[in-house]
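What follows is the content of final.pdb (PDB, N, CA and C atoms).
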ATOM      1  N   MET A   1      -2.588   4.113  15.408
ATOM      2  CA  MET A   1      -1.835   3.320  14.449
ATOM      3  C   MET A   1      -1.901   3.935  13.044
ATOM      4  N   LYS A   2      -2.954   4.708  12.760
ATOM      5  CA  LYS A   2      -3.062   5.324  11.439
ATOM      6  C   LYS A   2      -1.904   6.278  11.163
ATOM      7  N   ILE A   3      -1.473   7.008  12.176
ATOM      8  CA  ILE A   3      -0.358   7.940  11.993
ATOM      9  C   ILE A   3       0.910   7.181  11.603
ATOM     10  N   GLU A   4       1.153   6.061  12.249
ATOM     11  CA  GLU A   4       2.346   5.273  11.934
ATOM     12  C   GLU A   4       2.298   4.750  10.500
ATOM     13  N   TRP A   5       1.113   4.317  10.059
ATOM     14  CA  TRP A   5       0.988   3.828   8.690
ATOM     15  C   TRP A   5       1.160   4.952   7.679
ATOM     16  N   THR A   6       0.724   6.156   8.007
ATOM     17  CA  THR A   6       0.939   7.270   7.076
ATOM     18  C   THR A   6       2.424   7.587   6.938
ATOM     19  N   ARG A   7       3.186   7.352   7.988
ATOM     20  CA  ARG A   7       4.654   7.515   7.885
ATOM     21  C   ARG A   7       5.236   6.487   6.925
ATOM     22  N   VAL A   8       4.696   5.277   6.949
ATOM     23  CA  VAL A   8       5.133   4.238   6.015
ATOM     24  C   VAL A   8       4.869   4.691   4.583
ATOM     25  N   VAL A   9       3.703   5.279   4.353
ATOM     26  CA  VAL A   9       3.370   5.777   3.014
ATOM     27  C   VAL A   9       4.401   6.806   2.569
ATOM     28  N   SER A  10       4.737   7.733   3.438
ATOM     29  CA  SER A  10       5.726   8.762   3.095
ATOM     30  C   SER A  10       7.067   8.150   2.744
ATOM     31  N   GLN A  11       7.525   7.193   3.539
ATOM     32  CA  GLN A  11       8.810   6.530   3.267
ATOM     33  C   GLN A  11       8.756   5.778   1.946
ATOM     34  N   MET A  12       7.655   5.107   1.715
ATOM     35  CA  MET A  12       7.499   4.310   0.515
ATOM     36  C   MET A  12       7.540   5.189  -0.735
ATOM     37  N   ILE A  13       6.812   6.309  -0.715
ATOM     38  CA  ILE A  13       6.735   7.191  -1.870
ATOM     39  C   ILE A  13       8.086   7.841  -2.171
ATOM     40  N   GLU A  14       8.892   8.063  -1.144
ATOM     41  CA  GLU A  14      10.231   8.643  -1.355
ATOM     42  C   GLU A  14      11.108   7.738  -2.199
ATOM     43  N   ASP A  15      10.973   6.417  -2.016
ATOM     44  CA  ASP A  15      11.824   5.492  -2.754
ATOM     45  C   ASP A  15      11.159   4.115  -2.823
ATOM     46  N   PHE A  16      10.409   3.879  -3.902
ATOM     47  CA  PHE A  16       9.714   2.601  -4.056
ATOM     48  C   PHE A  16      10.674   1.416  -4.107
ATOM     49  N   ASN A  17      11.906   1.643  -4.531
ATOM     50  CA  ASN A  17      12.877   0.554  -4.647
ATOM     51  C   ASN A  17      13.380   0.048  -3.303
ATOM     52  N   ASN A  18      13.250   0.842  -2.249
ATOM     53  CA  ASN A  18      13.742   0.432  -0.931
ATOM     54  C   ASN A  18      12.625   0.121   0.052
ATOM     55  N   ILE A  19      11.480  -0.282  -0.453
ATOM     56  CA  ILE A  19      10.362  -0.600   0.430
ATOM     57  C   ILE A  19      10.702  -1.759   1.371
ATOM     58  N   SER A  20      11.607  -2.619   0.962
ATOM     59  CA  SER A  20      12.002  -3.750   1.817
ATOM     60  C   SER A  20      12.733  -3.293   3.076
ATOM     61  N   GLN A  21      13.141  -2.032   3.118
ATOM     62  CA  GLN A  21      13.841  -1.486   4.282
ATOM     63  C   GLN A  21      12.905  -0.795   5.272
ATOM     64  N   ILE A  22      11.605  -0.847   5.008
ATOM     65  CA  ILE A  22      10.623  -0.194   5.876
ATOM     66  C   ILE A  22      10.037  -1.218   6.833
ATOM     67  N   LYS A  23      10.050  -0.881   8.118
ATOM     68  CA  LYS A  23       9.489  -1.769   9.132
ATOM     69  C   LYS A  23       7.987  -1.542   9.274
ATOM     70  N   CYS A  24       7.293  -2.613   9.521
ATOM     71  CA  CYS A  24       5.853  -2.545   9.763
ATOM     72  C   CYS A  24       5.600  -1.830  11.093
ATOM     73  N   PRO A  25       4.695  -0.857  11.129
ATOM     74  CA  PRO A  25       4.401  -0.177  12.387
ATOM     75  C   PRO A  25       3.623  -1.054  13.366
ATOM     76  N   ASN A  26       3.093  -2.159  12.886
ATOM     77  CA  ASN A  26       2.332  -3.050  13.750
ATOM     78  C   ASN A  26       3.222  -4.099  14.414
ATOM     79  N   CYS A  27       4.031  -4.801  13.638
ATOM     80  CA  CYS A  27       4.828  -5.911  14.192
ATOM     81  C   CYS A  27       6.333  -5.628  14.209
ATOM     82  N   SER A  28       6.769  -4.507  13.638
ATOM     83  CA  SER A  28       8.171  -4.092  13.590
ATOM     84  C   SER A  28       9.067  -5.005  12.759
ATOM     85  N   LYS A  29       8.475  -5.796  11.880
ATOM     86  CA  LYS A  29       9.258  -6.652  10.992
ATOM     87  C   LYS A  29       9.268  -6.034   9.593
ATOM     88  N   TYR A  30      10.230  -6.478   8.785
ATOM     89  CA  TYR A  30      10.293  -6.050   7.400
ATOM     90  C   TYR A  30       9.370  -6.954   6.585
ATOM     91  N   GLY A  31       8.631  -6.386   5.688
ATOM     92  CA  GLY A  31       7.721  -7.185   4.871
ATOM     93  C   GLY A  31       6.598  -6.361   4.277
ATOM     94  N   ILE A  32       6.799  -5.056   4.220
ATOM     95  CA  ILE A  32       5.785  -4.159   3.672
ATOM     96  C   ILE A  32       5.678  -4.374   2.161
ATOM     97  N   ASP A  33       4.449  -4.345   1.668
ATOM     98  CA  ASP A  33       4.202  -4.407   0.234
ATOM     99  C   ASP A  33       3.016  -3.489  -0.068
ATOM    100  N   TYR A  34       2.784  -3.215  -1.335
ATOM    101  CA  TYR A  34       1.734  -2.268  -1.708
ATOM    102  C   TYR A  34       1.287  -2.522  -3.138
ATOM    103  N   ILE A  35       0.163  -1.927  -3.491
ATOM    104  CA  ILE A  35      -0.295  -1.884  -4.874
ATOM    105  C   ILE A  35      -1.259  -0.704  -5.029
ATOM    106  N   TYR A  36      -1.090   0.032  -6.105
ATOM    107  CA  TYR A  36      -2.067   1.054  -6.478
ATOM    108  C   TYR A  36      -3.069   0.370  -7.404
ATOM    109  N   ILE A  37      -4.336   0.660  -7.211
ATOM    110  CA  ILE A  37      -5.393   0.087  -8.035
ATOM    111  C   ILE A  37      -6.221   1.252  -8.554
ATOM    112  N   GLY A  38      -6.360   1.342  -9.880
ATOM    113  CA  GLY A  38      -7.078   2.497 -10.390
ATOM    114  C   GLY A  38      -7.450   2.418 -11.853
ATOM    115  N   ASP A  39      -7.874   3.551 -12.358
ATOM    116  CA  ASP A  39      -8.249   3.703 -13.751
ATOM    117  C   ASP A  39      -6.985   3.696 -14.609
ATOM    118  N   GLY A  40      -6.988   2.900 -15.658
ATOM    119  CA  GLY A  40      -5.799   2.744 -16.487
ATOM    120  C   GLY A  40      -5.341   4.006 -17.191
ATOM    121  N   SER A  41      -6.251   4.900 -17.532
ATOM    122  CA  SER A  41      -5.839   6.103 -18.260
ATOM    123  C   SER A  41      -5.469   7.258 -17.336
ATOM    124  N   THR A  42      -6.149   7.403 -16.204
ATOM    125  CA  THR A  42      -5.851   8.524 -15.301
ATOM    126  C   THR A  42      -4.942   8.133 -14.139
ATOM    127  N   ARG A  43      -4.861   6.830 -13.854
ATOM    128  CA  ARG A  43      -4.117   6.284 -12.702
ATOM    129  C   ARG A  43      -4.679   6.792 -11.371
ATOM    130  N   ILE A  44      -5.922   7.227 -11.374
ATOM    131  CA  ILE A  44      -6.598   7.639 -10.144
ATOM    132  C   ILE A  44      -7.326   6.434  -9.581
ATOM    133  N   GLY A  45      -7.165   6.219  -8.287
ATOM    134  CA  GLY A  45      -7.803   5.080  -7.648
ATOM    135  C   GLY A  45      -7.515   5.073  -6.170
ATOM    136  N   PHE A  46      -7.008   3.941  -5.680
ATOM    137  CA  PHE A  46      -6.661   3.841  -4.274
ATOM    138  C   PHE A  46      -5.380   3.045  -4.097
ATOM    139  N   LEU A  47      -4.860   3.124  -2.902
ATOM    140  CA  LEU A  47      -3.593   2.489  -2.556
ATOM    141  C   LEU A  47      -3.812   1.520  -1.410
ATOM    142  N   GLN A  48      -3.326   0.316  -1.559
ATOM    143  CA  GLN A  48      -3.343  -0.651  -0.470
ATOM    144  C   GLN A  48      -1.893  -0.937  -0.071
ATOM    145  N   ILE A  49      -1.638  -0.854   1.235
ATOM    146  CA  ILE A  49      -0.315  -1.158   1.790
ATOM    147  C   ILE A  49      -0.526  -2.150   2.911
ATOM    148  N   TRP A  50       0.321  -3.174   2.973
ATOM    149  CA  TRP A  50       0.168  -4.192   4.001
ATOM    150  C   TRP A  50       1.515  -4.779   4.385
ATOM    151  N   CYS A  51       1.506  -5.464   5.496
ATOM    152  CA  CYS A  51       2.688  -6.201   5.946
ATOM    153  C   CYS A  51       2.450  -7.678   5.655
ATOM    154  N   ASN A  52       3.380  -8.292   4.952
ATOM    155  CA  ASN A  52       3.262  -9.717   4.639
ATOM    156  C   ASN A  52       3.517 -10.614   5.846
ATOM    157  N   LYS A  53       4.033 -10.054   6.932
ATOM    158  CA  LYS A  53       4.308 -10.847   8.137
ATOM    159  C   LYS A  53       3.092 -10.936   9.050
ATOM    160  N   CYS A  54       2.473  -9.791   9.369
ATOM    161  CA  CYS A  54       1.352  -9.784  10.321
ATOM    162  C   CYS A  54      -0.009  -9.571   9.650
ATOM    163  N   LEU A  55       0.006  -9.269   8.338
ATOM    164  CA  LEU A  55      -1.208  -9.054   7.553
ATOM    165  C   LEU A  55      -2.089  -7.930   8.096
ATOM    166  N   LYS A  56      -1.442  -6.846   8.502
ATOM    167  CA  LYS A  56      -2.125  -5.604   8.866
ATOM    168  C   LYS A  56      -1.737  -4.568   7.822
ATOM    169  N   GLY A  57      -2.590  -3.572   7.613
ATOM    170  CA  GLY A  57      -2.266  -2.555   6.639
ATOM    171  C   GLY A  57      -3.309  -1.469   6.567
ATOM    172  N   ILE A  58      -3.241  -0.703   5.480
ATOM    173  CA  ILE A  58      -4.179   0.403   5.286
ATOM    174  C   ILE A  58      -4.629   0.448   3.832
ATOM    175  N   CYS A  59      -5.710   1.140   3.630
ATOM    176  CA  CYS A  59      -6.215   1.436   2.294
ATOM    177  C   CYS A  59      -6.466   2.932   2.243
ATOM    178  N   ILE A  60      -5.884   3.583   1.276
ATOM    179  CA  ILE A  60      -6.049   5.026   1.123
ATOM    180  C   ILE A  60      -6.849   5.269  -0.150
ATOM    181  N   SER A  61      -7.977   5.937  -0.007
ATOM    182  CA  SER A  61      -8.835   6.178  -1.161
ATOM    183  C   SER A  61      -8.479   7.480  -1.861
ATOM    184  N   ARG A  62      -8.838   7.523  -3.124
ATOM    185  CA  ARG A  62      -8.677   8.714  -3.972
ATOM    186  C   ARG A  62      -7.236   9.219  -4.015
ATOM    187  N   THR A  63      -6.423   8.454  -4.664
ATOM    188  CA  THR A  63      -5.019   8.822  -4.815
ATOM    189  C   THR A  63      -4.603   8.616  -6.267
ATOM    190  N   ILE A  64      -3.503   9.198  -6.649
ATOM    191  CA  ILE A  64      -2.961   9.027  -7.996
ATOM    192  C   ILE A  64      -1.686   8.211  -7.898
ATOM    193  N   ALA A  65      -1.603   7.173  -8.698
ATOM    194  CA  ALA A  65      -0.433   6.300  -8.697
ATOM    195  C   ALA A  65       0.717   6.952  -9.456
ATOM    196  N   PRO A  66       1.867   7.114  -8.811
ATOM    197  CA  PRO A  66       3.043   7.610  -9.537
ATOM    198  C   PRO A  66       3.432   6.628 -10.650
ATOM    199  N   LEU A  67       4.078   7.117 -11.669
ATOM    200  CA  LEU A  67       4.441   6.272 -12.809
ATOM    201  C   LEU A  67       5.388   5.143 -12.437
ATOM    202  N   ASN A  68       6.213   5.340 -11.422
ATOM    203  CA  ASN A  68       7.187   4.312 -11.041
ATOM    204  C   ASN A  68       6.667   3.353  -9.968
ATOM    205  N   ALA A  69       5.386   3.438  -9.645
ATOM    206  CA  ALA A  69       4.799   2.590  -8.605
ATOM    207  C   ALA A  69       4.133   1.360  -9.214
ATOM    208  N   LYS A  70       3.999   0.302  -8.388
ATOM    209  CA  LYS A  70       3.252  -0.883  -8.823
ATOM    210  C   LYS A  70       1.793  -0.480  -8.978
ATOM    211  N   PHE A  71       1.211  -0.819 -10.135
ATOM    212  CA  PHE A  71      -0.127  -0.362 -10.467
ATOM    213  C   PHE A  71      -0.871  -1.436 -11.250
ATOM    214  N   VAL A  72      -2.139  -1.625 -10.909
ATOM    215  CA  VAL A  72      -3.035  -2.472 -11.689
ATOM    216  C   VAL A  72      -4.345  -1.714 -11.875
ATOM    217  N   THR A  73      -5.097  -2.092 -12.893
ATOM    218  CA  THR A  73      -6.374  -1.434 -13.145
ATOM    219  C   THR A  73      -7.478  -2.064 -12.302
ATOM    220  N   PHE A  74      -8.602  -1.369 -12.249
ATOM    221  CA  PHE A  74      -9.756  -1.865 -11.504
ATOM    222  C   PHE A  74     -10.200  -3.246 -12.001
ATOM    223  N   GLU A  75      -9.962  -3.526 -13.263
ATOM    224  CA  GLU A  75     -10.404  -4.786 -13.861
ATOM    225  C   GLU A  75      -9.507  -5.974 -13.491
ATOM    226  N   THR A  76      -8.357  -5.724 -12.925
ATOM    227  CA  THR A  76      -7.387  -6.780 -12.618
ATOM    228  C   THR A  76      -7.896  -7.682 -11.499
ATOM    229  N   ASP A  77      -7.739  -8.978 -11.680
ATOM    230  CA  ASP A  77      -8.054  -9.940 -10.628
ATOM    231  C   ASP A  77      -6.925  -9.877  -9.600
ATOM    232  N   LEU A  78      -7.239  -9.488  -8.388
ATOM    233  CA  LEU A  78      -6.215  -9.280  -7.359
ATOM    234  C   LEU A  78      -5.805 -10.557  -6.636
ATOM    235  N   LYS A  79      -6.407 -11.664  -6.982
ATOM    236  CA  LYS A  79      -6.031 -12.942  -6.372
ATOM    237  C   LYS A  79      -4.558 -13.212  -6.648
ATOM    238  N   GLY A  80      -3.821 -13.485  -5.630
ATOM    239  CA  GLY A  80      -2.395 -13.732  -5.777
ATOM    240  C   GLY A  80      -1.548 -12.466  -5.753
ATOM    241  N   ILE A  81      -2.188 -11.305  -5.838
ATOM    242  CA  ILE A  81      -1.453 -10.042  -5.777
ATOM    243  C   ILE A  81      -1.569  -9.430  -4.389
ATOM    244  N   VAL A  82      -2.777  -9.366  -3.883
ATOM    245  CA  VAL A  82      -3.040  -8.762  -2.576
ATOM    246  C   VAL A  82      -3.548  -9.837  -1.629
ATOM    247  N   PRO A  83      -2.846 -10.072  -0.519
ATOM    248  CA  PRO A  83      -3.341 -11.057   0.442
ATOM    249  C   PRO A  83      -4.532 -10.508   1.223
ATOM    250  N   LYS A  84      -5.247 -11.382   1.864
ATOM    251  CA  LYS A  84      -6.349 -10.941   2.712
ATOM    252  C   LYS A  84      -5.727 -10.382   3.989
ATOM    253  N   PHE A  85      -5.818  -9.064   4.149
ATOM    254  CA  PHE A  85      -5.217  -8.431   5.318
ATOM    255  C   PHE A  85      -6.242  -7.557   6.007
ATOM    256  N   GLU A  86      -5.997  -7.283   7.274
ATOM    257  CA  GLU A  86      -6.873  -6.421   8.067
ATOM    258  C   GLU A  86      -6.382  -4.989   7.917
ATOM    259  N   PHE A  87      -7.299  -4.075   7.558
ATOM    260  CA  PHE A  87      -6.839  -2.711   7.335
ATOM    261  C   PHE A  87      -7.757  -1.683   7.967
ATOM    262  N   ASN A  88      -7.153  -0.505   8.181
ATOM    263  CA  ASN A  88      -7.875   0.684   8.595
ATOM    264  C   ASN A  88      -7.918   1.614   7.409
ATOM    265  N   ARG A  89      -9.063   2.168   7.102
ATOM    266  CA  ARG A  89      -9.193   3.089   5.974
ATOM    267  C   ARG A  89      -8.789   4.491   6.424
ATOM    268  N   ILE A  90      -7.918   5.122   5.643
ATOM    269  CA  ILE A  90      -7.501   6.498   5.894
ATOM    270  C   ILE A  90      -8.082   7.349   4.778
ATOM    271  N   LYS A  91      -8.842   8.353   5.138
ATOM    272  CA  LYS A  91      -9.475   9.195   4.119
ATOM    273  C   LYS A  91      -8.788  10.529   4.022
TER     274      LYS A  91
END
As structure tokens, how would this structure be written, given the file I've shared?
Amino acid sequence: MKIEWTRVVSQMIEDFNNISQIKCPNCSKYGIDYIYIGDGSTRIGFLQIWCNKCLKGICISRTIAPLNAKFVTFETDLKGIVPKFEFNRIK
């Protein structure tokens, strides 16, 4: 399943505006969402991607958030931003 989620990452990075057109590799429904979480000055941190329908997803460590991506700092309270989802870590 990790390979399928990495394909989602590739599709997402190509066009953040069309993320609603990406199907979840777990449940095959539309509902993918994401957030980069990192240092405010370097934008280095990690990426969380999940499906709002089945609440499965991934967390990718040590990544840089593109300027046009959704981004919050490490200090941000993620309540209401990121749902509690089950994930596999991809290193």
Open item on the list: Which residues are near Thr63 in chain A? Cut-off 6.5 Å, all atoms listed in the file, ignore same chain within fewer than 6 positions. Put them as a ChimeraX atom specification.
Closed with: /A:43-47
Task: Selection result of the PyMOL selection byres (((chain A and resi 4 and name CA) around 12) and name CA) on this file, as a list in words - done: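 Applying the expression gives Met1, Lys2, Ile3, Trp5, Thr6, Arg7, Val8, Val9, Ser10, Gln11, Ile22, Lys23, Cys24, Pro25, Asn26, Cys27, Ser28, Gly57, Ile58, Asn88 and Ile90 of chain A.
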- [ ] Counting all atoms listed in the file, figure out which residue out of A:Thr76, A:Leu67, A:Asn18, A:Phe85 gets nearest to Cys51 in chain A.
- [x]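 Among A:Thr76, A:Leu67, A:Asn18, A:Phe85, it is A:Phe85 that comes nearest to Cys51 in chain A.
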Task: Long-range neighbours of Val72 in chain A as a ChimeraX atom specification, 7 Å cut-off, all atoms listed in the file, 6 positions minimum in chain - done: /A:35-40
Task: Picked from chain A by DSSP as strand (DSSP E), as a ChimeraX atom specification - done: /A:32-38,44-51,56-64,71-73,86-90
- [ ] Calculate how many Å separate CA of Tyr34 in chain A from CA of Trp50 in chain A, rounding to one decimal.
- [x] 6.2 Å
Task: Atomic separation - CA of Thr73 in chain A relative to atom N of Ser41 in chain A, Å - done: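 Rounded to one decimal, the two atoms are 7.7 Å apart.
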- [ ] Check chain A with DSSP on the backbone and list each residue it calls alpha helix (DSSP H), as number ranges by chain.
- [x] A: 2-14
Prev. selection, N, CA and C atoms, output as a JSON list (two decimals), in the coordinates of the input:
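Just written: again26.json:
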[["chain", "number", "residue", "atom", "x", "y", "z"],
["A", 2, "LYS", "N", -2.95, 4.71, 12.76],
["A", 2, "LYS", "CA", -3.06, 5.32, 11.44],
["A", 2, "LYS", "C", -1.90, 6.28, 11.16],
["A", 3, "ILE", "N", -1.47, 7.01, 12.18],
["A", 3, "ILE", "CA", -0.36, 7.94, 11.99],
["A", 3, "ILE", "C", 0.91, 7.18, 11.60],
["A", 4, "GLU", "N", 1.15, 6.06, 12.25],
["A", 4, "GLU", "CA", 2.35, 5.27, 11.93],
["A", 4, "GLU", "C", 2.30, 4.75, 10.50],
["A", 5, "TRP", "N", 1.11, 4.32, 10.06],
["A", 5, "TRP", "CA", 0.99, 3.83, 8.69],
["A", 5, "TRP", "C", 1.16, 4.95, 7.68],
["A", 6, "THR", "N", 0.72, 6.16, 8.01],
["A", 6, "THR", "CA", 0.94, 7.27, 7.08],
["A", 6, "THR", "C", 2.42, 7.59, 6.94],
["A", 7, "ARG", "N", 3.19, 7.35, 7.99],
["A", 7, "ARG", "CA", 4.65, 7.52, 7.88],
["A", 7, "ARG", "C", 5.24, 6.49, 6.92],
["A", 8, "VAL", "N", 4.70, 5.28, 6.95],
["A", 8, "VAL", "CA", 5.13, 4.24, 6.02],
["A", 8, "VAL", "C", 4.87, 4.69, 4.58],
["A", 9, "VAL", "N", 3.70, 5.28, 4.35],
["A", 9, "VAL", "CA", 3.37, 5.78, 3.01],
["A", 9, "VAL", "C", 4.40, 6.81, 2.57],
["A", 10, "SER", "N", 4.74, 7.73, 3.44],
["A", 10, "SER", "CA", 5.73, 8.76, 3.10],
["A", 10, "SER", "C", 7.07, 8.15, 2.74],
["A", 11, "GLN", "N", 7.52, 7.19, 3.54],
["A", 11, "GLN", "CA", 8.81, 6.53, 3.27],
["A", 11, "GLN", "C", 8.76, 5.78, 1.95],
["A", 12, "MET", "N", 7.66, 5.11, 1.72],
["A", 12, "MET", "CA", 7.50, 4.31, 0.52],
["A", 12, "MET", "C", 7.54, 5.19, -0.74],
["A", 13, "ILE", "N", 6.81, 6.31, -0.72],
["A", 13, "ILE", "CA", 6.74, 7.19, -1.87],
["A", 13, "ILE", "C", 8.09, 7.84, -2.17],
["A", 14, "GLU", "N", 8.89, 8.06, -1.14],
["A", 14, "GLU", "CA", 10.23, 8.64, -1.36],
["A", 14, "GLU", "C", 11.11, 7.74, -2.20]]
